[in-house]
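Read the structure below first, then the notes.
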Amino acid sequence: MSDKSDLENRAIEAIWNYREAFAVVGRLERKQRSAHRSLTKALIKLGRATNGEDPRSLKDSIEITLAAVSRHDEARATLNEAAALMESARLTLAALERQLGYLPRVLKA
């Protein structure tokens, strides 16, 4: 009976870990979408600056675009790392579910 209790406790912990990872990924997806929108806007402004349609200097547009690219890349990398952690938590949970044959009920926080 102790083995089953230990597996249930580990499964409950795995559920909490997955829930937390899922929430982090959700927040980071929103951050990445915001960075993507900023990058898109910066690229449009850069295009206008290169065509002489925007009075802003080309140098300023390039700097703004480079900053947007950096922000986008950072957000994407962070999201990828969090998604990998979430997948690891999911796999751990799935393995525990196979061992137990069910998932224990866990109350919402």
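Residue numbering restarts at 1 in every chain; chains get A, B, ... in the order shown in the structure tokens, and ligands count up from 1 in that same order.
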Open item on the list: For Ser38 of chain A, find every residue with an atom within 9 Å (counting only C-alpha atoms), except residues of its own chain fewer than 2 positions away, and show them as a ChimeraX atom specification.
Closed with: /A:33-36,40-43,65,68-69,71-72
- [ ] Write out as a PyMOL selection string each polymer residue whose atoms come within 12 Å of Asn9 of chain A, counting only C-alpha atoms; drop sequence neighbours fewer than 2 positions from it.
- [x] chain A and resi 2-7+11-16+93+96-97+100+103-106
Write out the residues from the selection above, keeping N, CA and C atoms, as a short mmCIF file (atom, residue, chain, number, x, y, z; two decimals), in the first residue's frame.
```cif
data_model
loop_
_atom_site.label_atom_id
_atom_site.label_comp_id
_atom_site.auth_asym_id
_atom_site.auth_seq_id
_atom_site.Cartn_x
_atom_site.Cartn_y
_atom_site.Cartn_z
N SER A 2 2.03 1.17 0.61
CA SER A 2 2.93 2.31 0.67
C SER A 2 3.41 2.72 -0.72
N ASP A 3 3.65 1.73 -1.58
CA ASP A 3 4.08 2.05 -2.94
C ASP A 3 3.02 2.84 -3.69
N LYS A 4 1.75 2.42 -3.51
CA LYS A 4 0.66 3.11 -4.19
C LYS A 4 0.52 4.54 -3.64
N SER A 5 0.65 4.69 -2.35
CA SER A 5 0.57 6.02 -1.74
C SER A 5 1.71 6.90 -2.23
N ASP A 6 2.90 6.36 -2.34
CA ASP A 6 4.04 7.11 -2.85
C ASP A 6 3.82 7.52 -4.31
N LEU A 7 3.30 6.59 -5.10
CA LEU A 7 3.00 6.92 -6.51
C LEU A 7 1.94 8.01 -6.60
N ALA A 11 2.38 11.55 -8.25
CA ALA A 11 1.47 11.98 -9.33
C ALA A 11 0.85 13.34 -9.01
N ILE A 12 0.48 13.54 -7.76
CA ILE A 12 -0.08 14.84 -7.36
C ILE A 12 0.95 15.95 -7.56
N GLU A 13 2.19 15.68 -7.16
CA GLU A 13 3.25 16.66 -7.38
C GLU A 13 3.46 16.91 -8.88
N ALA A 14 3.40 15.85 -9.67
CA ALA A 14 3.56 15.99 -11.12
C ALA A 14 2.42 16.82 -11.72
N ILE A 15 1.22 16.64 -11.20
CA ILE A 15 0.08 17.43 -11.69
C ILE A 15 0.32 18.91 -11.39
N TRP A 16 0.76 19.20 -10.19
CA TRP A 16 1.03 20.60 -9.84
C TRP A 16 2.15 21.18 -10.69
N LEU A 93 4.15 12.95 -15.75
CA LEU A 93 2.78 12.69 -15.32
C LEU A 93 2.20 11.48 -16.05
N LEU A 96 3.60 8.28 -14.56
CA LEU A 96 2.99 7.97 -13.27
C LEU A 96 1.56 7.47 -13.44
N GLU A 97 0.84 8.05 -14.39
CA GLU A 97 -0.53 7.59 -14.65
C GLU A 97 -0.52 6.13 -15.13
N LEU A 100 0.13 3.95 -12.05
CA LEU A 100 -1.01 3.89 -11.14
C LEU A 100 -2.26 3.31 -11.79
N LEU A 103 -5.22 8.86 -12.49
CA LEU A 103 -4.65 10.07 -11.91
C LEU A 103 -5.44 10.42 -10.66
N PRO A 104 -4.76 10.69 -9.56
CA PRO A 104 -5.48 11.08 -8.35
C PRO A 104 -6.15 12.43 -8.53
N ARG A 105 -7.24 12.62 -7.84
CA ARG A 105 -7.94 13.92 -7.89
C ARG A 105 -7.11 14.95 -7.13
N VAL A 106 -7.00 16.11 -7.71
CA VAL A 106 -6.26 17.21 -7.09
C VAL A 106 -7.18 18.42 -7.09
#
```
Task: Counting only C-alpha atoms, the option among A:Ala89, A:Glu8, A:Arg19, A:Arg76 closest to Tyr102 of chain A - done: A:Glu8
Open item on the list: Using only C-alpha atoms for the distances, tell me which of A:Lys59, A:Lys31, A:Lys108, A:Arg90 is nearest to Asn17 of chain A.
Closed with: A:Arg90
